[in-house]
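File shown here: start19.tsv, holding TSV, N, CA and C atoms.
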```
chain	number	residue	atom	x	y	z
A	1	MET	N	115.80	136.69	94.78
A	1	MET	CA	115.19	136.04	93.65
A	1	MET	C	115.09	134.54	93.91
A	2	GLN	N	113.94	133.97	93.64
A	2	GLN	CA	113.70	132.54	93.88
A	2	GLN	C	114.28	131.72	92.74
A	3	LYS	N	114.99	130.66	93.09
A	3	LYS	CA	115.59	129.80	92.08
A	3	LYS	C	114.58	128.72	91.68
A	4	LEU	N	114.39	128.54	90.39
A	4	LEU	CA	113.46	127.54	89.90
A	4	LEU	C	114.22	126.31	89.44
A	5	PHE	N	113.67	125.16	89.72
A	5	PHE	CA	114.28	123.91	89.31
A	5	PHE	C	113.39	123.23	88.28
A	6	ASN	N	113.98	122.69	87.26
A	6	ASN	CA	113.24	121.92	86.27
A	6	ASN	C	113.54	120.45	86.49
A	7	PHE	N	112.51	119.69	86.75
A	7	PHE	CA	112.66	118.25	86.91
A	7	PHE	C	112.12	117.58	85.67
A	8	ILE	N	112.90	116.70	85.11
A	8	ILE	CA	112.51	116.01	83.90
A	8	ILE	C	111.99	114.62	84.28
A	9	MET	N	110.80	114.31	83.80
A	9	MET	CA	110.22	113.00	84.04
A	9	MET	C	110.48	112.13	82.83
A	10	CYS	N	111.17	111.04	83.02
A	10	CYS	CA	111.44	110.16	81.89
A	10	CYS	C	110.27	109.20	81.70
A	11	ASN	N	110.24	108.54	80.58
A	11	ASN	CA	109.18	107.57	80.32
A	11	ASN	C	109.60	106.19	80.83
A	12	ARG	N	109.82	106.10	82.10
A	12	ARG	CA	110.30	104.88	82.75
A	12	ARG	C	109.22	103.81	82.79
A	13	TYR	N	107.97	104.20	82.81
A	13	TYR	CA	106.88	103.26	82.95
A	13	TYR	C	106.18	103.04	81.62
A	14	SER	N	105.74	101.82	81.40
A	14	SER	CA	105.01	101.49	80.19
A	14	SER	C	104.02	100.38	80.51
A	15	ASN	N	103.09	100.16	79.61
A	15	ASN	CA	102.15	99.06	79.75
A	15	ASN	C	101.85	98.52	78.36
A	16	THR	N	102.45	97.42	78.03
A	16	THR	CA	102.20	96.80	76.74
A	16	THR	C	101.43	95.49	76.90
A	17	MET	N	100.93	95.24	78.10
A	17	MET	CA	100.18	94.03	78.38
A	17	MET	C	98.76	94.14	77.80
A	18	ALA	N	98.30	93.08	77.20
A	18	ALA	CA	96.94	93.05	76.66
A	18	ALA	C	95.92	93.14	77.79
A	19	LYS	N	94.76	93.70	77.47
A	19	LYS	CA	93.72	93.88	78.48
A	19	LYS	C	93.29	92.55	79.10
A	20	ASP	N	93.15	91.51	78.30
A	20	ASP	CA	92.76	90.20	78.83
A	20	ASP	C	93.81	89.65	79.79
A	21	ALA	N	95.07	89.89	79.50
A	21	ALA	CA	96.14	89.44	80.39
A	21	ALA	C	96.09	90.21	81.71
A	22	MET	N	95.77	91.51	81.67
A	22	MET	CA	95.63	92.28	82.92
A	22	MET	C	94.47	91.75	83.75
A	23	ARG	N	93.36	91.41	83.09
A	23	ARG	CA	92.21	90.86	83.83
A	23	ARG	C	92.58	89.55	84.50
A	24	ARG	N	93.32	88.68	83.81
A	24	ARG	CA	93.73	87.41	84.42
A	24	ARG	C	94.72	87.64	85.55
A	25	LEU	N	95.72	88.50	85.33
A	25	LEU	CA	96.75	88.75	86.33
A	25	LEU	C	96.17	89.29	87.64
A	26	PHE	N	95.22	90.21	87.54
A	26	PHE	CA	94.66	90.85	88.73
A	26	PHE	C	93.31	90.28	89.14
A	27	ALA	N	92.87	89.17	88.54
A	27	ALA	CA	91.62	88.50	88.87
A	27	ALA	C	90.43	89.47	88.81
A	28	ILE	N	90.27	90.12	87.66
A	28	ILE	CA	89.20	91.09	87.47
A	28	ILE	C	88.10	90.45	86.64
A	29	ASP	N	86.89	90.48	87.15
A	29	ASP	CA	85.74	89.96	86.43
A	29	ASP	C	85.45	90.87	85.24
A	30	ALA	N	85.03	90.29	84.13
A	30	ALA	CA	84.75	91.08	82.92
A	30	ALA	C	83.70	92.15	83.15
A	31	SER	N	82.78	91.93	84.08
A	31	SER	CA	81.73	92.92	84.34
A	31	SER	C	82.28	94.17	85.04
A	32	HIS	N	83.49	94.10	85.59
A	32	HIS	CA	84.12	95.24	86.25
A	32	HIS	C	85.24	95.86	85.39
A	33	ASP	N	85.26	95.49	84.11
A	33	ASP	CA	86.28	96.00	83.19
A	33	ASP	C	85.69	97.14	82.38
A	34	ASP	N	86.08	98.36	82.70
A	34	ASP	CA	85.62	99.56	81.99
A	34	ASP	C	86.77	100.22	81.24
A	35	LEU	N	87.80	99.46	80.91
A	35	LEU	CA	88.98	100.02	80.27
A	35	LEU	C	88.71	100.43	78.83
A	36	GLY	N	87.82	99.74	78.17
A	36	GLY	CA	87.53	100.07	76.78
A	36	GLY	C	88.60	99.52	75.85
A	37	ASN	N	88.80	100.17	74.74
A	37	ASN	CA	89.76	99.73	73.74
A	37	ASN	C	91.12	100.34	74.05
A	38	ALA	N	91.82	99.76	74.99
A	38	ALA	CA	93.10	100.31	75.45
A	38	ALA	C	94.21	99.92	74.49
A	39	GLU	N	94.96	100.90	74.06
A	39	GLU	CA	96.12	100.69	73.21
A	39	GLU	C	97.35	100.47	74.09
A	40	PRO	N	98.34	99.71	73.62
A	40	PRO	CA	99.59	99.58	74.38
A	40	PRO	C	100.25	100.94	74.58
A	41	LEU	N	100.81	101.15	75.75
A	41	LEU	CA	101.47	102.42	76.07
A	41	LEU	C	102.95	102.16	76.29
A	42	THR	N	103.78	102.68	75.41
A	42	THR	CA	105.22	102.50	75.57
A	42	THR	C	105.82	103.52	76.52
A	43	ALA	N	105.05	104.54	76.87
A	43	ALA	CA	105.50	105.56	77.82
A	43	ALA	C	104.30	106.07	78.60
A	44	ILE	N	104.38	106.04	79.92
A	44	ILE	CA	103.32	106.55	80.79
A	44	ILE	C	103.89	107.72	81.58
A	45	PHE	N	103.25	108.85	81.49
A	45	PHE	CA	103.69	110.06	82.18
A	45	PHE	C	102.71	110.41	83.30
A	46	PRO	N	103.15	111.19	84.31
A	46	PRO	CA	102.31	111.48	85.48
A	46	PRO	C	100.93	112.06	85.15
A	47	LYS	N	100.82	112.91	84.16
A	47	LYS	CA	99.53	113.52	83.86
A	47	LYS	C	98.80	112.81	82.72
A	48	GLY	N	99.33	111.70	82.25
A	48	GLY	CA	98.72	110.96	81.16
A	48	GLY	C	97.76	109.90	81.66
A	49	MET	N	97.00	109.35	80.74
A	49	MET	CA	96.07	108.28	81.07
A	49	MET	C	96.82	106.95	81.05
A	50	ALA	N	96.41	106.05	81.92
A	50	ALA	CA	97.00	104.72	82.00
A	50	ALA	C	96.00	103.79	82.66
A	51	PRO	N	96.11	102.49	82.44
A	51	PRO	CA	95.20	101.55	83.10
A	51	PRO	C	95.38	101.60	84.62
A	52	ILE	N	94.27	101.53	85.31
A	52	ILE	CA	94.27	101.56	86.78
A	52	ILE	C	93.48	100.35	87.28
A	53	VAL	N	94.04	99.65	88.25
A	53	VAL	CA	93.34	98.56	88.92
A	53	VAL	C	92.99	99.05	90.31
A	54	GLY	N	91.73	98.94	90.69
A	54	GLY	CA	91.29	99.38	92.01
A	54	GLY	C	90.41	98.32	92.65
A	55	MET	N	90.02	98.56	93.89
A	55	MET	CA	89.21	97.60	94.61
A	55	MET	C	87.95	98.26	95.15
A	56	ASN	N	86.82	97.57	94.96
A	56	ASN	CA	85.54	98.03	95.50
A	56	ASN	C	85.45	97.68	96.98
A	57	ASP	N	84.45	98.21	97.65
A	57	ASP	CA	84.26	97.93	99.07
A	57	ASP	C	84.02	96.44	99.34
A	58	ASP	N	83.45	95.73	98.37
A	58	ASP	CA	83.17	94.30	98.57
A	58	ASP	C	84.38	93.41	98.25
A	59	GLY	N	85.51	94.03	97.90
A	59	GLY	CA	86.72	93.27	97.64
A	59	GLY	C	86.93	92.93	96.17
A	60	SER	N	85.93	93.18	95.33
A	60	SER	CA	86.11	92.92	93.90
A	60	SER	C	86.98	94.02	93.28
A	61	ARG	N	87.70	93.67	92.26
A	61	ARG	CA	88.60	94.63	91.61
A	61	ARG	C	87.98	95.17	90.34
A	62	TRP	N	88.36	96.40	89.98
A	62	TRP	CA	87.92	97.02	88.74
A	62	TRP	C	89.13	97.45	87.93
A	63	LEU	N	88.90	97.62	86.62
A	63	LEU	CA	89.96	98.03	85.70
A	63	LEU	C	89.41	99.12	84.81
A	64	ARG	N	90.05	100.27	84.79
A	64	ARG	CA	89.65	101.38	83.92
A	64	ARG	C	90.82	102.32	83.73
A	65	SER	N	90.62	103.35	82.93
A	65	SER	CA	91.71	104.27	82.65
A	65	SER	C	91.72	105.48	83.56
A	66	GLU	N	90.72	105.62	84.39
A	66	GLU	CA	90.70	106.69	85.40
A	66	GLU	C	89.90	106.21	86.59
A	67	PRO	N	90.21	106.69	87.79
A	67	PRO	CA	89.47	106.22	88.96
A	67	PRO	C	88.01	106.67	88.90
A	68	PRO	N	87.10	105.92	89.52
A	68	PRO	CA	85.71	106.33	89.54
A	68	PRO	C	85.52	107.62	90.34
A	69	ALA	N	84.47	108.34	90.06
A	69	ALA	CA	84.21	109.60	90.78
A	69	ALA	C	84.13	109.33	92.28
A	70	GLY	N	84.82	110.14	93.04
A	70	GLY	CA	84.79	110.01	94.50
A	70	GLY	C	85.79	109.02	95.06
A	71	ALA	N	86.53	108.34	94.22
A	71	ALA	CA	87.52	107.37	94.71
A	71	ALA	C	88.77	108.10	95.18
A	72	SER	N	89.40	107.54	96.17
A	72	SER	CA	90.64	108.16	96.66
A	72	SER	C	91.84	107.40	96.17
```
Translate the structure of the given file into structure tokens.
Amino acid sequence: MQKLFNFIMCNRYSNTMAKDAMRRLFAIDASHDDLGNAEPLTAIFPKGMAPIVGMNDDGSRWLRSEPPAGAS
């Protein structure tokens, strides 16, 4: 019989930073901000949505709640 393990993920990560502060911190141009009306997150879980900062091929950064289609 195979033994199953239950791993508990705690809410160790959070994001209560305002969207404008994230844009300043990561030097994101407003035209690359697709985050929308992001609410503060006091708990971020592995399968939940959270703000993501990524980089385009030209070196500019983007901000959104999920990676663009085809991004790795």
Original post:
What would the list of residues within 6.5 Å of (102.5, 97.2, 77.9) (file frame) look like as number ranges by chain, if all atoms listed in the file are what count?
Top reply: A: 14-18, 40-42
Original post:
Which of these, A:Pro46, A:Met55, A:Arg12, A:Arg61, has the shortest distance to A:Asp29 once you count all atoms listed in the file?
Top reply: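 That would be A:Arg61, the residue with the smallest distance to A:Asp29.
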Original post:
Once you count only C-alpha atoms, which residues end up no further than 12 Å from (97.6, 90.5, 88.7) in the file's frame, shown as a list in words?
Top reply: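 Within 12 Å of (97.6, 90.5, 88.7), the protein and nucleic acid residues are Met17, Lys19, Asp20, Ala21, Met22, Arg23, Arg24, Leu25, Phe26, Ala27, Ile28, Ile52, Val53, Gly54, Arg61, Trp62 and Leu63 of chain A.
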Original post:
Expressed in Å to a single decimal, how great is the separation between atom C of A:Lys47 and atom CA of A:Gly59?
Top reply: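 Separation of atom C of A:Lys47 and atom CA of A:Gly59: 27.4 Å.
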**OP:** Enter the distance from atom C of A:Leu35 to atom C of A:Tyr13, in Å, rounded to one decimal.
**Re:** 17.9 Å
Subject >> A:Met49 surroundings by only C-alpha atoms, 8 Å radius, close-in-sequence under 4 positions cut, as a PyMOL selection string >> reply: chain A and resi 44-45+65-66
Where's the centre, and what are the edge lengths in Å to one decimal, of a box along x, y and z enclosing all listed atoms of stretch 45-64 of chain A padded 5 Å per side, as AutoDock Vina command-line options?
```
--center_x 93.4 --center_y 103.2 --center_z 90.0 --size_x 30.5 --size_y 30.6 --size_z 28.6
```
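In this model, the gap between atom C of A:Asp34 and atom N of A:Ser60 comes to 15.8 Å.
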How about completing stretch 54-65 of chain A with all heavy atoms and giving it to me as a compact mmCIF listing (two decimals), in the coordinates of the input?
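Written output follows (rebuild-v5.txt):
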```
# COMPACT_ATOMS: atom_id res chain seq x y z
N GLY A 54 91.73 98.94 90.69
CA GLY A 54 91.29 99.38 92.01
C GLY A 54 90.41 98.32 92.65
O GLY A 54 90.10 97.29 92.04
N MET A 55 90.02 98.56 93.89
CA MET A 55 89.21 97.60 94.61
C MET A 55 87.95 98.26 95.15
O MET A 55 88.00 99.35 95.70
CB MET A 55 90.01 96.99 95.77
CG MET A 55 89.32 95.83 96.44
SD MET A 55 90.37 94.97 97.62
CE MET A 55 91.50 94.14 96.53
N ASN A 56 86.82 97.57 94.96
CA ASN A 56 85.54 98.03 95.50
C ASN A 56 85.45 97.68 96.98
O ASN A 56 86.26 96.91 97.50
CB ASN A 56 84.38 97.36 94.75
CG ASN A 56 84.30 97.83 93.32
OD1 ASN A 56 84.42 99.01 93.03
ND2 ASN A 56 84.10 96.89 92.41
N ASP A 57 84.45 98.21 97.65
CA ASP A 57 84.26 97.93 99.07
C ASP A 57 84.02 96.44 99.34
O ASP A 57 84.36 95.95 100.41
CB ASP A 57 83.08 98.74 99.63
CG ASP A 57 83.38 100.22 99.67
OD1 ASP A 57 84.57 100.60 99.74
OD2 ASP A 57 82.42 101.02 99.63
N ASP A 58 83.45 95.73 98.37
CA ASP A 58 83.17 94.30 98.57
C ASP A 58 84.38 93.41 98.25
O ASP A 58 84.29 92.20 98.32
CB ASP A 58 81.97 93.87 97.75
CG ASP A 58 82.20 93.99 96.24
OD1 ASP A 58 83.30 94.41 95.83
OD2 ASP A 58 81.26 93.67 95.49
N GLY A 59 85.51 94.03 97.90
CA GLY A 59 86.72 93.27 97.64
C GLY A 59 86.93 92.93 96.17
O GLY A 59 87.98 92.43 95.81
N SER A 60 85.93 93.18 95.33
CA SER A 60 86.11 92.92 93.90
C SER A 60 86.98 94.02 93.28
O SER A 60 86.99 95.15 93.76
CB SER A 60 84.76 92.85 93.19
OG SER A 60 84.08 94.08 93.28
N ARG A 61 87.70 93.67 92.26
CA ARG A 61 88.60 94.63 91.61
C ARG A 61 87.98 95.17 90.34
O ARG A 61 87.21 94.49 89.68
CB ARG A 61 89.93 93.96 91.28
CG ARG A 61 90.68 93.57 92.53
CD ARG A 61 92.00 92.97 92.16
NE ARG A 61 92.74 92.69 93.37
CZ ARG A 61 93.57 91.69 93.51
NH1 ARG A 61 93.80 90.88 92.50
NH2 ARG A 61 94.21 91.50 94.63
N TRP A 62 88.36 96.40 89.98
CA TRP A 62 87.92 97.02 88.74
C TRP A 62 89.13 97.45 87.93
O TRP A 62 90.22 97.61 88.45
CB TRP A 62 86.97 98.19 88.98
CG TRP A 62 87.41 99.21 89.99
CD1 TRP A 62 86.97 99.32 91.27
CD2 TRP A 62 88.34 100.29 89.80
NE1 TRP A 62 87.58 100.38 91.90
CE2 TRP A 62 88.43 101.00 91.02
CE3 TRP A 62 89.11 100.72 88.74
CZ2 TRP A 62 89.25 102.12 91.18
CZ3 TRP A 62 89.93 101.83 88.90
CH2 TRP A 62 89.98 102.50 90.12
N LEU A 63 88.90 97.62 86.62
CA LEU A 63 89.96 98.03 85.70
C LEU A 63 89.41 99.12 84.81
O LEU A 63 88.36 98.95 84.17
CB LEU A 63 90.38 96.81 84.84
CG LEU A 63 91.41 97.06 83.74
CD1 LEU A 63 92.75 97.47 84.34
CD2 LEU A 63 91.57 95.80 82.90
N ARG A 64 90.05 100.27 84.79
CA ARG A 64 89.65 101.38 83.92
C ARG A 64 90.82 102.32 83.73
O ARG A 64 91.87 102.13 84.32
CB ARG A 64 88.42 102.09 84.48
CG ARG A 64 88.55 102.58 85.90
CD ARG A 64 87.27 103.26 86.37
NE ARG A 64 86.19 102.30 86.42
CZ ARG A 64 85.45 102.06 87.48
NH1 ARG A 64 85.66 102.72 88.58
NH2 ARG A 64 84.50 101.18 87.45
N SER A 65 90.62 103.35 82.93
CA SER A 65 91.71 104.27 82.65
C SER A 65 91.72 105.48 83.56
O SER A 65 92.64 106.27 83.52
CB SER A 65 91.66 104.73 81.19
OG SER A 65 90.44 105.38 80.94
```
